[in-house]
Amino acid sequence: MKNKGVRFITLTAAFLALLIIFQSLSASLGQMVTGSLVNFVLVAATLLAGWKSGLVIALLSPFFAKLFGIGPIYPILPVVALGNATLVVVYAFIMSRSFNSVLRWVVSVVIAAALKYAVLTVGVVKLVLPLVSVPAPQAAKLAAMFGTTQFFTAFIGGAVAFIAVPLIQKAVKR
């Protein structure tokens, strides 16, 4: 596509559609599967369509999840969007650096996943949960959902992208 605006809209819409498909089909499979698929889409969109596309999808993702009944309580949604945005921006920044390709992938996946985890843990557990009125068992469940699980789903999504994105790029060039 020659027009950058049309390319951006088309690829962003395609990745957003993929995100919605993954969220709707994997909702019953649990957070590890759905979260990993969502993070894969965020990373793949960032690499294949650009960081702005990844950012749009990152910000919309938790709101679509809520529509499918897999999102958290409403006060947490902006924090999830911020965590997703952190993943995309950090990933894009590190991937834009020039050093060994495999090392760059590993560093970007680990650091982006760790920072997403940090944003979600601090944002949800330390800021939002103390301010909202939820029963203790639900608060504990939410704290667990936005703890280390977030690091692992972001890491898995990035690792899947490490394998899938070069294959997608090769297939598109044919």
# chains A, B, ... in the order shown; residues from 1 in each chain; ligands from 1
>>> residues_around(residues="segment 56-72 of chain A", least_positions_apart="5", cutoff="8 Å", atoms="only C-alpha atoms", output="list in words")
Thr12, Phe15, Leu16, Leu19, Ile20, Gln23, Ser24, Ala27, Val38, Leu42, Leu77, Pro78, Val80, Ala81, Leu82, Asn84, Ala85, Val88 and Leu142 of chain A
>>> write_last_selection(atoms="all heavy atoms", output="short mmCIF file (atom, residue, chain, number, x, y, z; two decimals), in the first residue's frame")
data_model
loop_
_atom_site.label_atom_id
_atom_site.label_comp_id
_atom_site.auth_asym_id
_atom_site.auth_seq_id
_atom_site.Cartn_x
_atom_site.Cartn_y
_atom_site.Cartn_z
N THR A 12 -4.07 -1.63 11.23
CA THR A 12 -4.59 -1.49 12.60
C THR A 12 -5.94 -2.19 12.72
O THR A 12 -6.19 -2.92 13.70
CB THR A 12 -4.71 0.00 12.99
OG1 THR A 12 -3.41 0.60 12.87
CG2 THR A 12 -5.22 0.15 14.42
N PHE A 15 -5.35 -6.01 12.76
CA PHE A 15 -4.86 -6.49 14.06
C PHE A 15 -5.91 -6.35 15.15
O PHE A 15 -6.00 -7.19 16.04
CB PHE A 15 -3.56 -5.79 14.45
CG PHE A 15 -2.34 -6.37 13.80
CD1 PHE A 15 -1.67 -5.69 12.81
CD2 PHE A 15 -1.89 -7.64 14.15
CE1 PHE A 15 -0.55 -6.24 12.19
CE2 PHE A 15 -0.78 -8.20 13.55
CZ PHE A 15 -0.11 -7.50 12.57
N LEU A 16 -6.72 -5.32 15.07
CA LEU A 16 -7.80 -5.15 16.04
C LEU A 16 -8.83 -6.28 15.87
O LEU A 16 -9.31 -6.84 16.86
CB LEU A 16 -8.46 -3.78 15.88
CG LEU A 16 -9.36 -3.31 16.99
CD1 LEU A 16 -8.65 -3.34 18.34
CD2 LEU A 16 -9.85 -1.90 16.69
N LEU A 19 -7.33 -9.33 17.38
CA LEU A 19 -7.43 -9.23 18.83
C LEU A 19 -8.83 -9.63 19.31
O LEU A 19 -8.98 -10.41 20.24
CB LEU A 19 -7.12 -7.80 19.29
CG LEU A 19 -7.35 -7.56 20.77
CD1 LEU A 19 -6.06 -7.76 21.54
CD2 LEU A 19 -7.91 -6.18 21.01
N ILE A 20 -9.85 -9.10 18.65
CA ILE A 20 -11.23 -9.40 19.04
C ILE A 20 -11.53 -10.88 18.86
O ILE A 20 -12.16 -11.50 19.72
CB ILE A 20 -12.20 -8.51 18.24
CG1 ILE A 20 -12.06 -7.06 18.68
CG2 ILE A 20 -13.64 -8.99 18.39
CD1 ILE A 20 -12.74 -6.06 17.76
N GLN A 23 -9.72 -12.72 21.69
CA GLN A 23 -10.38 -12.50 22.98
C GLN A 23 -11.69 -13.28 23.07
O GLN A 23 -11.98 -13.89 24.09
CB GLN A 23 -10.64 -11.01 23.22
CG GLN A 23 -9.40 -10.24 23.58
CD GLN A 23 -9.67 -8.76 23.81
OE1 GLN A 23 -10.55 -8.17 23.20
NE2 GLN A 23 -8.88 -8.16 24.68
N SER A 24 -12.47 -13.27 22.00
CA SER A 24 -13.77 -13.94 22.06
C SER A 24 -13.63 -15.45 22.06
O SER A 24 -14.37 -16.14 22.77
CB SER A 24 -14.66 -13.48 20.91
OG SER A 24 -14.11 -13.86 19.67
N ALA A 27 -11.70 -16.75 25.58
CA ALA A 27 -12.19 -16.27 26.88
C ALA A 27 -12.34 -17.39 27.89
O ALA A 27 -12.02 -17.22 29.06
CB ALA A 27 -13.51 -15.53 26.70
N VAL A 38 -3.29 -11.86 23.42
CA VAL A 38 -3.42 -10.41 23.35
C VAL A 38 -2.04 -9.77 23.24
O VAL A 38 -1.81 -8.89 22.40
CB VAL A 38 -4.20 -9.85 24.56
CG1 VAL A 38 -4.05 -8.34 24.67
CG2 VAL A 38 -5.67 -10.26 24.48
N LEU A 42 -0.35 -7.41 20.30
CA LEU A 42 0.26 -6.10 20.56
C LEU A 42 1.67 -6.01 19.97
O LEU A 42 2.02 -5.03 19.31
CB LEU A 42 0.30 -5.81 22.06
CG LEU A 42 -1.04 -5.67 22.78
CD1 LEU A 42 -0.82 -5.47 24.28
CD2 LEU A 42 -1.87 -4.56 22.19
N LEU A 77 -9.63 -0.75 34.07
CA LEU A 77 -9.44 -0.74 32.61
C LEU A 77 -8.40 0.30 32.15
O LEU A 77 -7.54 -0.06 31.33
CB LEU A 77 -10.77 -0.53 31.89
CG LEU A 77 -11.80 -1.65 32.07
CD1 LEU A 77 -13.07 -1.32 31.30
CD2 LEU A 77 -11.25 -3.00 31.64
N PRO A 78 -8.43 1.53 32.63
CA PRO A 78 -7.39 2.48 32.18
C PRO A 78 -5.97 2.05 32.58
O PRO A 78 -5.02 2.30 31.84
CB PRO A 78 -7.77 3.80 32.87
CG PRO A 78 -9.21 3.66 33.21
CD PRO A 78 -9.43 2.19 33.46
N VAL A 80 -4.96 -1.09 32.80
CA VAL A 80 -4.61 -2.15 31.85
C VAL A 80 -4.20 -1.53 30.51
O VAL A 80 -3.20 -1.94 29.90
CB VAL A 80 -5.76 -3.15 31.66
CG1 VAL A 80 -5.43 -4.17 30.59
CG2 VAL A 80 -6.09 -3.83 32.98
N ALA A 81 -4.94 -0.52 30.07
CA ALA A 81 -4.58 0.17 28.83
C ALA A 81 -3.18 0.79 28.94
O ALA A 81 -2.37 0.68 28.01
CB ALA A 81 -5.61 1.25 28.51
N LEU A 82 -2.88 1.37 30.09
CA LEU A 82 -1.55 1.95 30.32
C LEU A 82 -0.47 0.87 30.33
O LEU A 82 0.62 1.05 29.77
CB LEU A 82 -1.53 2.74 31.62
CG LEU A 82 -0.21 3.42 31.99
CD1 LEU A 82 0.19 4.44 30.93
CD2 LEU A 82 -0.33 4.09 33.34
N ASN A 84 -0.61 -2.03 28.75
CA ASN A 84 -0.46 -2.45 27.35
C ASN A 84 0.35 -1.43 26.56
O ASN A 84 1.22 -1.79 25.76
CB ASN A 84 -1.83 -2.64 26.70
CG ASN A 84 -2.57 -3.86 27.18
OD1 ASN A 84 -2.00 -4.74 27.82
ND2 ASN A 84 -3.85 -3.90 26.90
N ALA A 85 0.05 -0.15 26.78
CA ALA A 85 0.77 0.91 26.08
C ALA A 85 2.26 0.88 26.44
O ALA A 85 3.12 1.07 25.58
CB ALA A 85 0.16 2.26 26.41
N VAL A 88 3.98 -1.84 24.44
CA VAL A 88 4.15 -1.46 23.04
C VAL A 88 5.28 -0.43 22.88
O VAL A 88 6.17 -0.60 22.04
CB VAL A 88 2.83 -0.90 22.46
CG1 VAL A 88 3.05 -0.17 21.14
CG2 VAL A 88 1.83 -2.04 22.28
N LEU A 142 -8.06 -10.12 41.96
CA LEU A 142 -7.58 -9.09 41.04
C LEU A 142 -6.09 -8.82 41.22
O LEU A 142 -5.36 -8.65 40.25
CB LEU A 142 -8.39 -7.80 41.23
CG LEU A 142 -9.82 -7.84 40.71
CD1 LEU A 142 -10.61 -6.64 41.22
CD2 LEU A 142 -9.84 -7.91 39.20
#
>>> residues_around(residues="segment 114-126 of chain A", least_positions_apart="3", cutoff="6 Å", atoms="only C-alpha atoms", output="PDB file with all heavy atoms, in the first residue's frame")
ATOM      1  N   VAL A  79      -5.841   1.386  33.704  1.00  0.00           N
ATOM      2  CA  VAL A  79      -4.524   0.906  34.134  1.00  0.00           C
ATOM      3  C   VAL A  79      -4.045  -0.209  33.194  1.00  0.00           C
ATOM      4  O   VAL A  79      -2.870  -0.258  32.814  1.00  0.00           O
ATOM      5  CB  VAL A  79      -4.547   0.420  35.599  1.00  0.00           C
ATOM      6  CG1 VAL A  79      -3.179  -0.098  36.019  1.00  0.00           C
ATOM      7  CG2 VAL A  79      -5.007   1.523  36.527  1.00  0.00           C
ATOM      8  N   GLY A  83      -0.746  -0.270  30.949  1.00  0.00           N
ATOM      9  CA  GLY A  83       0.203  -1.383  30.945  1.00  0.00           C
ATOM     10  C   GLY A  83       0.469  -1.884  29.536  1.00  0.00           C
ATOM     11  O   GLY A  83       1.620  -2.128  29.148  1.00  0.00           O
ATOM     12  N   THR A  86       2.548   0.613  27.705  1.00  0.00           N
ATOM     13  CA  THR A  86       3.941   0.505  28.149  1.00  0.00           C
ATOM     14  C   THR A  86       4.650  -0.612  27.385  1.00  0.00           C
ATOM     15  O   THR A  86       5.768  -0.425  26.892  1.00  0.00           O
ATOM     16  CB  THR A  86       4.002   0.247  29.669  1.00  0.00           C
ATOM     17  OG1 THR A  86       3.372   1.339  30.337  1.00  0.00           O
ATOM     18  CG2 THR A  86       5.428   0.085  30.154  1.00  0.00           C
ATOM     19  N   LEU A  87       4.001  -1.755  27.282  1.00  0.00           N
ATOM     20  CA  LEU A  87       4.575  -2.882  26.543  1.00  0.00           C
ATOM     21  C   LEU A  87       4.916  -2.470  25.112  1.00  0.00           C
ATOM     22  O   LEU A  87       6.024  -2.700  24.632  1.00  0.00           O
ATOM     23  CB  LEU A  87       3.603  -4.067  26.535  1.00  0.00           C
ATOM     24  CG  LEU A  87       4.068  -5.290  25.742  1.00  0.00           C
ATOM     25  CD1 LEU A  87       4.991  -6.153  26.591  1.00  0.00           C
ATOM     26  CD2 LEU A  87       2.879  -6.105  25.276  1.00  0.00           C
ATOM     27  N   ILE A 111      12.387  -6.828  28.979  1.00  0.00           N
ATOM     28  CA  ILE A 111      12.214  -5.503  29.581  1.00  0.00           C
ATOM     29  C   ILE A 111      10.778  -5.007  29.411  1.00  0.00           C
ATOM     30  O   ILE A 111      10.179  -4.485  30.360  1.00  0.00           O
ATOM     31  CB  ILE A 111      13.238  -4.501  29.017  1.00  0.00           C
ATOM     32  CG1 ILE A 111      14.641  -4.903  29.482  1.00  0.00           C
ATOM     33  CG2 ILE A 111      12.904  -3.075  29.451  1.00  0.00           C
ATOM     34  CD1 ILE A 111      15.753  -4.063  28.911  1.00  0.00           C
ATOM     35  N   LEU A 129      -6.961  -0.660  43.631  1.00  0.00           N
ATOM     36  CA  LEU A 129      -7.661  -1.517  44.604  1.00  0.00           C
ATOM     37  C   LEU A 129      -7.865  -0.868  45.969  1.00  0.00           C
ATOM     38  O   LEU A 129      -8.950  -1.019  46.548  1.00  0.00           O
ATOM     39  CB  LEU A 129      -6.963  -2.876  44.734  1.00  0.00           C
ATOM     40  CG  LEU A 129      -7.156  -3.819  43.550  1.00  0.00           C
ATOM     41  CD1 LEU A 129      -6.420  -5.127  43.772  1.00  0.00           C
ATOM     42  CD2 LEU A 129      -8.625  -4.072  43.265  1.00  0.00           C
ATOM     43  N   ALA A 143      -5.644  -8.793  42.466  1.00  0.00           N
ATOM     44  CA  ALA A 143      -4.213  -8.587  42.733  1.00  0.00           C
ATOM     45  C   ALA A 143      -3.386  -9.712  42.109  1.00  0.00           C
ATOM     46  O   ALA A 143      -2.320  -9.459  41.528  1.00  0.00           O
ATOM     47  CB  ALA A 143      -3.965  -8.504  44.238  1.00  0.00           C
ATOM     48  N   PHE A 146      -3.178  -9.370  38.288  1.00  0.00           N
ATOM     49  CA  PHE A 146      -2.318  -8.294  37.806  1.00  0.00           C
ATOM     50  C   PHE A 146      -0.951  -8.315  38.472  1.00  0.00           C
ATOM     51  O   PHE A 146      -0.272  -7.298  38.557  1.00  0.00           O
ATOM     52  CB  PHE A 146      -3.032  -6.948  37.965  1.00  0.00           C
ATOM     53  CG  PHE A 146      -4.218  -6.873  37.060  1.00  0.00           C
ATOM     54  CD1 PHE A 146      -5.491  -7.101  37.544  1.00  0.00           C
ATOM     55  CD2 PHE A 146      -4.052  -6.660  35.706  1.00  0.00           C
ATOM     56  CE1 PHE A 146      -6.587  -7.082  36.698  1.00  0.00           C
ATOM     57  CE2 PHE A 146      -5.136  -6.641  34.853  1.00  0.00           C
ATOM     58  CZ  PHE A 146      -6.410  -6.855  35.352  1.00  0.00           C
ATOM     59  N   GLY A 147      -0.548  -9.494  38.876  1.00  0.00           N
ATOM     60  CA  GLY A 147       0.774  -9.710  39.446  1.00  0.00           C
ATOM     61  C   GLY A 147       1.680 -10.365  38.423  1.00  0.00           C
ATOM     62  O   GLY A 147       1.679 -10.016  37.240  1.00  0.00           O
ATOM     63  N   GLN A 150       1.029 -11.317  34.666  1.00  0.00           N
ATOM     64  CA  GLN A 150       1.168 -10.322  33.597  1.00  0.00           C
ATOM     65  C   GLN A 150       2.546 -10.380  32.948  1.00  0.00           C
ATOM     66  O   GLN A 150       2.672 -10.221  31.733  1.00  0.00           O
ATOM     67  CB  GLN A 150       0.884  -8.915  34.135  1.00  0.00           C
ATOM     68  CG  GLN A 150      -0.547  -8.700  34.513  1.00  0.00           C
ATOM     69  CD  GLN A 150      -1.484  -8.811  33.339  1.00  0.00           C
ATOM     70  OE1 GLN A 150      -1.171  -8.400  32.215  1.00  0.00           O
ATOM     71  NE2 GLN A 150      -2.655  -9.383  33.574  1.00  0.00           N
ATOM     72  N   PHE A 151       3.564 -10.612  33.749  1.00  0.00           N
ATOM     73  CA  PHE A 151       4.908 -10.742  33.169  1.00  0.00           C
ATOM     74  C   PHE A 151       4.952 -11.947  32.231  1.00  0.00           C
ATOM     75  O   PHE A 151       5.444 -11.859  31.108  1.00  0.00           O
ATOM     76  CB  PHE A 151       5.979 -10.886  34.247  1.00  0.00           C
ATOM     77  CG  PHE A 151       7.331 -11.195  33.660  1.00  0.00           C
ATOM     78  CD1 PHE A 151       8.116 -10.179  33.153  1.00  0.00           C
ATOM     79  CD2 PHE A 151       7.797 -12.500  33.583  1.00  0.00           C
ATOM     80  CE1 PHE A 151       9.353 -10.455  32.573  1.00  0.00           C
ATOM     81  CE2 PHE A 151       9.029 -12.791  33.022  1.00  0.00           C
ATOM     82  CZ  PHE A 151       9.807 -11.760  32.513  1.00  0.00           C
TER      83      PHE A 151
END
>>> residues_around(residues="Ala45 of chain A", least_positions_apart="3", cutoff="8 Å", atoms="only C-alpha atoms", output="JSON, numbers by chain")
{"A": [11, 12, 15, 41, 42, 48, 49, 50, 51, 53, 54]}
>>> write_last_selection(atoms="N, CA, C and O atoms", output="JSON list (two decimals), in the first residue's frame")
[["chain", "number", "residue", "atom", "x", "y", "z"],
["A", 11, "LEU", "N", -4.01, -1.98, 8.46],
["A", 11, "LEU", "CA", -3.29, -2.92, 9.33],
["A", 11, "LEU", "C", -3.79, -2.84, 10.77],
["A", 11, "LEU", "O", -3.92, -3.86, 11.44],
["A", 12, "THR", "N", -4.07, -1.63, 11.23],
["A", 12, "THR", "CA", -4.59, -1.49, 12.60],
["A", 12, "THR", "C", -5.94, -2.19, 12.72],
["A", 12, "THR", "O", -6.19, -2.92, 13.70],
["A", 15, "PHE", "N", -5.35, -6.01, 12.76],
["A", 15, "PHE", "CA", -4.86, -6.49, 14.06],
["A", 15, "PHE", "C", -5.91, -6.35, 15.15],
["A", 15, "PHE", "O", -6.00, -7.19, 16.04],
["A", 41, "VAL", "N", -0.59, -10.16, 19.82],
["A", 41, "VAL", "CA", -1.17, -9.20, 18.86],
["A", 41, "VAL", "C", -0.54, -7.82, 19.06],
["A", 41, "VAL", "O", -0.21, -7.14, 18.08],
["A", 42, "LEU", "N", -0.35, -7.41, 20.30],
["A", 42, "LEU", "CA", 0.26, -6.10, 20.56],
["A", 42, "LEU", "C", 1.67, -6.01, 19.97],
["A", 42, "LEU", "O", 2.02, -5.03, 19.31],
["A", 48, "LEU", "N", 4.81, -5.11, 12.80],
["A", 48, "LEU", "CA", 4.38, -5.17, 11.41],
["A", 48, "LEU", "C", 3.64, -3.93, 10.92],
["A", 48, "LEU", "O", 3.64, -3.65, 9.72],
["A", 49, "ALA", "N", 3.01, -3.21, 11.82],
["A", 49, "ALA", "CA", 2.24, -2.04, 11.42],
["A", 49, "ALA", "C", 2.76, -0.74, 12.03],
["A", 49, "ALA", "O", 2.31, 0.33, 11.66],
["A", 50, "GLY", "N", 3.67, -0.84, 12.99],
["A", 50, "GLY", "CA", 4.24, 0.35, 13.61],
["A", 50, "GLY", "C", 3.73, 0.56, 15.03],
["A", 50, "GLY", "O", 2.69, 0.04, 15.41],
["A", 51, "TRP", "N", 4.50, 1.33, 15.79],
["A", 51, "TRP", "CA", 4.17, 1.52, 17.20],
["A", 51, "TRP", "C", 2.85, 2.24, 17.40],
["A", 51, "TRP", "O", 2.16, 1.99, 18.38],
["A", 53, "SER", "N", 0.14, 1.91, 15.61],
["A", 53, "SER", "CA", -0.89, 0.89, 15.47],
["A", 53, "SER", "C", -0.95, 0.03, 16.73],
["A", 53, "SER", "O", -2.04, -0.24, 17.26],
["A", 54, "GLY", "N", 0.21, -0.39, 17.20],
["A", 54, "GLY", "CA", 0.26, -1.17, 18.43],
["A", 54, "GLY", "C", -0.34, -0.41, 19.60],
["A", 54, "GLY", "O", -1.05, -0.98, 20.44]]
>>> residues_around(residues="Thr34 of chain A", least_positions_apart="5", cutoff="9 Å", atoms="only C-alpha atoms", output="list of chain:residue names")
A:Phe22, A:Gln23, A:Ser24, A:Leu25, A:Ser26, A:Ala27, A:Ser28, A:Leu29, A:Asn39, A:Thr153
>>> residues_around(residues="segment 154-159 of chain A", least_positions_apart="6", cutoff="6 Å", atoms="only C-alpha atoms", output="VMD selection string")
chain A and resid 36 to 37 39 to 40 109 113
>>> select_by_dssp(residues="segment 46-146 of chain A", states="alpha helix (DSSP H)", output="PyMOL selection string")
chain A and resi 46-49+51-67+77-95+101-120+129-131+136-145
>>> atom_distance(atom1="atom CA of Pro166 of chain A", atom2="atom CA of Met32 of chain A")
23.5 Å
>>> atom_distance(atom1="atom CA of Thr46 of chain A", atom2="atom CA of Ile76 of chain A")
23.6 Å
>>> closest_residue(among="A:Met145, A:Ala14, A:Ala140, A:Leu47", to="Met95 of chain A", atoms="only C-alpha atoms")
A:Leu47
